[in-house]
$ cat run.txt   # compact mmCIF, C-alpha atoms
# COMPACT_ATOMS: atom_id res chain seq x y z
CA MET A 1 -44.77 -72.54 -73.16
CA PRO A 2 -45.26 -68.76 -73.53
CA GLU A 3 -46.10 -66.93 -70.34
CA PRO A 4 -49.44 -65.12 -70.14
CA PRO A 5 -49.06 -61.50 -71.31
CA GLU A 6 -50.75 -60.13 -68.18
CA HIS A 7 -47.51 -60.82 -66.29
CA TYR A 8 -45.88 -57.97 -68.18
CA TYR A 9 -48.15 -55.34 -66.69
CA ALA A 10 -48.56 -56.81 -63.21
CA SER A 11 -46.78 -55.12 -60.32
CA ASP A 12 -45.45 -58.49 -59.14
CA PRO A 13 -45.13 -60.94 -62.04
CA GLY A 14 -46.53 -64.34 -61.13
CA VAL A 15 -43.76 -66.34 -62.78
CA ALA A 16 -40.47 -67.53 -61.35
CA SER A 17 -37.47 -65.37 -62.09
CA SER A 18 -35.06 -66.67 -64.73
CA ARG A 19 -32.59 -63.99 -65.77
CA ARG A 20 -30.68 -63.82 -69.02
CA THR A 21 -28.59 -61.32 -70.97
CA ILE A 22 -29.38 -60.08 -74.46
CA ASP A 23 -27.55 -57.80 -76.89
CA VAL A 24 -29.42 -54.84 -78.31
CA VAL A 25 -27.66 -53.88 -81.54
CA LEU A 26 -28.76 -50.67 -83.27
CA PRO A 27 -27.07 -48.72 -86.10
CA ASP A 28 -25.50 -46.27 -83.65
CA LEU A 29 -24.93 -48.32 -80.50
CA ARG A 30 -24.78 -51.70 -78.82
CA LEU A 31 -26.12 -52.45 -75.34
CA ARG A 32 -25.90 -55.63 -73.29
CA LEU A 33 -29.02 -55.78 -71.14
CA LEU A 34 -30.20 -58.04 -68.35
CA THR A 35 -33.76 -59.36 -68.79
CA ASP A 36 -36.01 -61.70 -66.86
CA THR A 37 -39.19 -63.71 -67.18
CA GLY A 38 -42.31 -61.75 -66.31
CA VAL A 39 -41.03 -58.76 -68.28
CA PHE A 40 -42.12 -57.83 -71.81
CA SER A 41 -40.11 -59.46 -74.62
CA PHE A 42 -37.45 -60.83 -72.30
CA ARG A 43 -35.92 -63.20 -74.89
CA GLN A 44 -34.97 -60.53 -77.43
CA LEU A 45 -35.55 -56.92 -78.38
CA ASP A 46 -39.18 -56.63 -79.44
CA PRO A 47 -39.41 -55.89 -83.20
CA GLY A 48 -41.75 -52.96 -82.58
CA THR A 49 -39.31 -51.47 -80.11
CA ARG A 50 -36.58 -51.84 -82.73
CA VAL A 51 -38.72 -49.99 -85.30
CA LEU A 52 -39.26 -47.19 -82.78
CA LEU A 53 -35.58 -46.89 -81.83
CA GLU A 54 -34.42 -46.95 -85.45
CA ASN A 55 -36.94 -44.41 -86.72
CA ALA A 56 -38.19 -42.04 -84.01
CA PRO A 57 -36.33 -38.70 -83.99
CA LEU A 58 -34.55 -37.10 -81.08
CA PRO A 59 -36.68 -34.78 -78.93
CA PRO A 60 -37.74 -31.54 -80.63
CA VAL A 61 -36.99 -29.46 -77.52
CA ARG A 62 -34.80 -29.67 -74.42
CA GLY A 63 -36.13 -31.33 -71.29
CA ASP A 64 -36.74 -34.64 -69.57
CA LEU A 65 -37.71 -37.75 -71.54
CA LEU A 66 -40.21 -40.46 -70.66
CA ASP A 67 -40.11 -44.14 -71.57
CA LEU A 68 -43.69 -45.21 -70.82
CA GLY A 69 -43.96 -48.94 -70.13
CA ALA A 70 -40.21 -49.30 -69.92
CA GLY A 71 -39.84 -53.03 -69.34
CA TYR A 72 -36.16 -53.84 -68.75
CA GLY A 73 -35.20 -50.51 -70.30
CA PRO A 74 -34.16 -50.77 -73.96
CA ILE A 75 -35.86 -47.50 -74.93
CA ALA A 76 -34.80 -45.56 -71.83
CA LEU A 77 -31.20 -46.73 -72.01
CA THR A 78 -30.93 -46.09 -75.73
CA MET A 79 -32.21 -42.53 -75.34
CA ALA A 80 -29.98 -41.96 -72.31
CA HIS A 81 -27.00 -43.15 -74.37
CA ARG A 82 -27.90 -40.88 -77.28
CA LEU A 83 -28.57 -37.87 -75.04
CA LYS A 84 -26.26 -38.25 -72.09
CA ARG A 85 -27.11 -34.89 -70.52
CA ARG A 86 -30.84 -35.57 -70.37
CA ARG A 87 -32.82 -37.13 -67.54
CA VAL A 88 -34.81 -40.13 -68.75
CA TRP A 89 -37.74 -41.45 -66.72
CA ALA A 90 -38.32 -45.19 -67.18
CA VAL A 91 -41.87 -45.74 -65.93
CA ASP A 92 -43.53 -49.11 -65.43
CA VAL A 93 -45.94 -50.77 -63.00
CA ASN A 94 -43.81 -53.94 -63.01
CA GLU A 95 -41.40 -53.89 -60.06
CA ARG A 96 -39.24 -56.62 -61.57
CA ALA A 97 -38.84 -54.55 -64.72
CA LEU A 98 -37.86 -51.44 -62.75
CA GLU A 99 -35.15 -53.31 -60.89
CA LEU A 100 -33.75 -54.50 -64.23
CA VAL A 101 -33.73 -50.91 -65.52
CA ARG A 102 -31.76 -49.80 -62.45
CA GLU A 103 -29.21 -52.60 -62.85
CA ASN A 104 -28.87 -52.07 -66.60
CA ALA A 105 -28.44 -48.32 -66.21
CA ALA A 106 -25.78 -48.80 -63.53
CA ALA A 107 -23.90 -51.36 -65.64
CA ALA A 108 -23.95 -48.99 -68.63
CA GLY A 109 -22.88 -45.99 -66.56
CA LEU A 110 -26.05 -44.10 -67.48
CA GLY A 111 -26.74 -42.09 -64.35
CA GLY A 112 -29.48 -40.00 -65.95
CA VAL A 113 -32.00 -42.86 -65.97
CA ARG A 114 -34.69 -42.77 -63.28
CA ALA A 115 -36.72 -45.98 -62.92
CA ALA A 116 -40.04 -45.21 -61.27
CA LEU A 117 -43.56 -46.38 -60.65
CA PRO A 118 -46.13 -44.06 -62.26
CA ASP A 119 -47.11 -42.41 -58.97
CA ASP A 120 -43.47 -41.76 -58.08
CA VAL A 121 -42.84 -39.33 -60.93
CA PRO A 122 -43.15 -35.82 -59.44
CA ALA A 123 -46.31 -34.09 -60.60
CA ASP A 124 -44.44 -31.02 -61.82
CA VAL A 125 -42.19 -32.92 -64.26
CA ARG A 126 -42.92 -32.20 -67.91
CA PHE A 127 -41.45 -34.03 -70.90
CA ALA A 128 -39.74 -32.90 -74.06
CA ALA A 129 -40.59 -36.29 -75.55
CA ILE A 130 -42.35 -39.53 -74.69
CA TYR A 131 -41.23 -42.78 -76.30
CA SER A 132 -43.34 -45.89 -75.86
CA ASN A 133 -44.17 -49.35 -77.10
CA PRO A 134 -47.45 -49.17 -75.17
CA PRO A 135 -49.17 -52.20 -73.60
CA ILE A 136 -51.92 -52.57 -76.21
CA ARG A 137 -53.13 -55.83 -74.64
CA VAL A 138 -54.27 -54.08 -71.45
CA GLY A 139 -57.40 -53.22 -73.42
CA LYS A 140 -58.64 -50.12 -75.19
CA ALA A 141 -60.10 -48.36 -72.14
CA ALA A 142 -57.00 -48.88 -69.99
CA LEU A 143 -54.71 -47.81 -72.85
CA HIS A 144 -56.71 -44.63 -73.42
CA ASP A 145 -56.58 -43.84 -69.70
CA LEU A 146 -52.82 -44.38 -69.73
CA LEU A 147 -52.29 -42.01 -72.64
CA LEU A 148 -54.64 -39.38 -71.24
CA ARG A 149 -52.62 -39.44 -68.03
CA TRP A 150 -49.22 -38.84 -69.66
CA LEU A 151 -49.69 -37.00 -72.95
CA PRO A 152 -50.86 -33.80 -71.20
CA ARG A 153 -47.45 -33.71 -69.50
CA LEU A 154 -45.65 -32.96 -72.76
CA LEU A 155 -44.00 -29.57 -73.01
CA PRO A 156 -45.81 -27.23 -75.44
CA ASP A 157 -43.35 -27.97 -78.26
CA GLY A 158 -42.71 -31.58 -77.26
CA ALA A 159 -43.87 -34.76 -78.98
CA ALA A 160 -44.66 -38.37 -78.22
CA TYR A 161 -43.63 -41.32 -80.36
CA LEU A 162 -45.61 -44.56 -80.04
CA VAL A 163 -45.03 -47.79 -81.93
CA VAL A 164 -48.12 -49.95 -82.49
CA GLN A 165 -48.73 -52.98 -84.68
CA ARG A 166 -50.97 -52.20 -87.62
CA ASN A 167 -53.12 -55.30 -86.97
CA LEU A 168 -53.48 -54.38 -83.29
CA GLY A 169 -55.17 -51.08 -84.03
CA ALA A 170 -52.49 -48.52 -84.85
CA ASP A 171 -54.71 -46.64 -87.27
CA SER A 172 -57.75 -46.61 -84.98
CA LEU A 173 -55.55 -45.41 -82.12
CA ALA A 174 -54.24 -42.57 -84.28
CA LYS A 175 -57.83 -41.61 -85.10
CA TRP A 176 -58.84 -41.67 -81.42
CA LEU A 177 -55.83 -39.54 -80.44
CA ALA A 178 -56.71 -36.93 -83.03
CA GLU A 179 -60.34 -36.90 -81.89
CA ALA A 180 -59.13 -36.52 -78.29
CA GLY A 181 -57.37 -33.31 -79.31
CA PHE A 182 -53.82 -34.60 -79.83
CA PRO A 183 -52.62 -33.92 -83.39
CA THR A 184 -51.26 -37.25 -84.65
CA ARG A 185 -49.56 -38.42 -87.81
CA ARG A 186 -48.05 -41.65 -89.01
CA LEU A 187 -44.33 -41.05 -89.03
CA VAL A 188 -43.14 -44.45 -90.26
CA SER A 189 -44.62 -47.76 -91.35
CA ARG A 190 -42.23 -50.73 -91.18
CA VAL A 191 -42.71 -54.52 -91.05
CA GLY A 192 -46.30 -54.28 -89.82
CA TYR A 193 -45.66 -51.52 -87.27
CA ARG A 194 -46.60 -47.86 -87.28
CA VAL A 195 -44.70 -45.15 -85.45
CA LEU A 196 -47.14 -42.41 -84.48
CA GLU A 197 -45.98 -38.87 -83.77
CA ILE A 198 -48.29 -37.09 -81.33
CA HIS A 199 -48.24 -33.43 -80.35
CA PRO A 200 -49.70 -31.77 -77.25
CA SER A 201 -53.40 -31.05 -77.18
CA ARG A 202 -54.29 -27.67 -78.63
CA SER A 203 -56.35 -27.06 -75.48
CA GLU A 204 -53.40 -27.59 -73.13
$ encode --input "run.txt" --output "structure tokens"
Amino acid sequence: MPEPPEHYYASDPGVASSRRTIDVVLPDLRLRLLTDTGVFSFRQLDPGTRVLLENAPLPPVRGDLLDLGAGYGPIALTMAHRLKRRRVWAVDVNERALELVRENAAAAGLGGVRAALPDDVPADVRFAAIYSNPPIRVGKAALHDLLLRWLPRLLPDGAAYLVVQRNLGADSLAKWLAEAGFPTRRLVSRVGYRVLEIHPSRSE
């Protein structure tokens, strides 16, 4: 029986731990990652995450990267593998997920990954790029608050790349982002998912 999705964005998932290992195979790399129940898409790489990792470009400028809603770390570890000299922040509210990120990063020898709760990221850190398969199911208001917290931390020439299912509101989210002052365009549309490219607010 599928576990309720609210476990994914709880600080302490209310399901018993049952760890497993999955292989993340991308055109340029292969990672073996430890996952667990209570963490988003623990059985396999989420198809939206795959679309993001196969289509989002490397950061447009130098600087730290952010994986927002990191889960067990497929985005953070992929970007850390591709850009070994960069620091990658893997941010999540789910403590079980953050522990998996730490273990996966250590196993892969990726010392540049920093797994952190949102409040533990230093306030002065700015990001060259944000990559995220955001938790759409937290609700529109909570999602907007999440994005308004982190998008202003992009460097002036940085960009964010979000993957969102078309039938879960990708186009309406793009419209809202643009209206909120963040220039947004659809970068890719694949298998029902949109990758949105978002630039810093003109007022920042």
$ residues_around --input "run.txt" --residues "stretch 132-136 of chain A" --least-positions-apart "4" --cutoff "10 Å" --atoms "only C-alpha atoms" --output "VMD selection string"
chain A and resid 5 to 6 8 to 9 40 46 48 to 53 66 to 71 75 to 76 140 142 to 144 146 to 147 160 to 165 168 to 170 173 195
$ atom_distance --input "run.txt" --atom1 "atom CA of A:Glu95" --atom2 "atom CA of A:Ala141"
22.9 Å
$ closest_residue --input "run.txt" --among "A:Ala115, A:Ala123, A:Ala97, A:Ala178" --to "A:Leu33" --atoms "only C-alpha atoms"
A:Ala97
$ closest_residue --input "run.txt" --among "A:Asp64, A:Glu54, A:Glu197, A:Asp171" --to "A:Gly112" --atoms "only C-alpha atoms"
A:Asp64
$ closest_residue --input "run.txt" --among "A:Val101, A:Ala174, A:Leu154, A:Leu196" --to "A:Pro60" --atoms "all atoms listed in the file"
A:Leu154
$ residues_around --input "run.txt" --residues "A:Glu103" --least-positions-apart "5" --cutoff "9 Å" --atoms "all atoms listed in the file" --output "JSON, numbers by chain"
{"A": [33, 34, 98, 108]}
$ atom_distance --input "run.txt" --atom1 "atom CA of A:Thr37" --atom2 "atom CA of A:Val91"
18.2 Å
$ closest_residue --input "run.txt" --among "A:Pro200, A:Arg114, A:Asp119, A:Ala106" --to "A:Leu148" --atoms "only C-alpha atoms"
A:Pro200
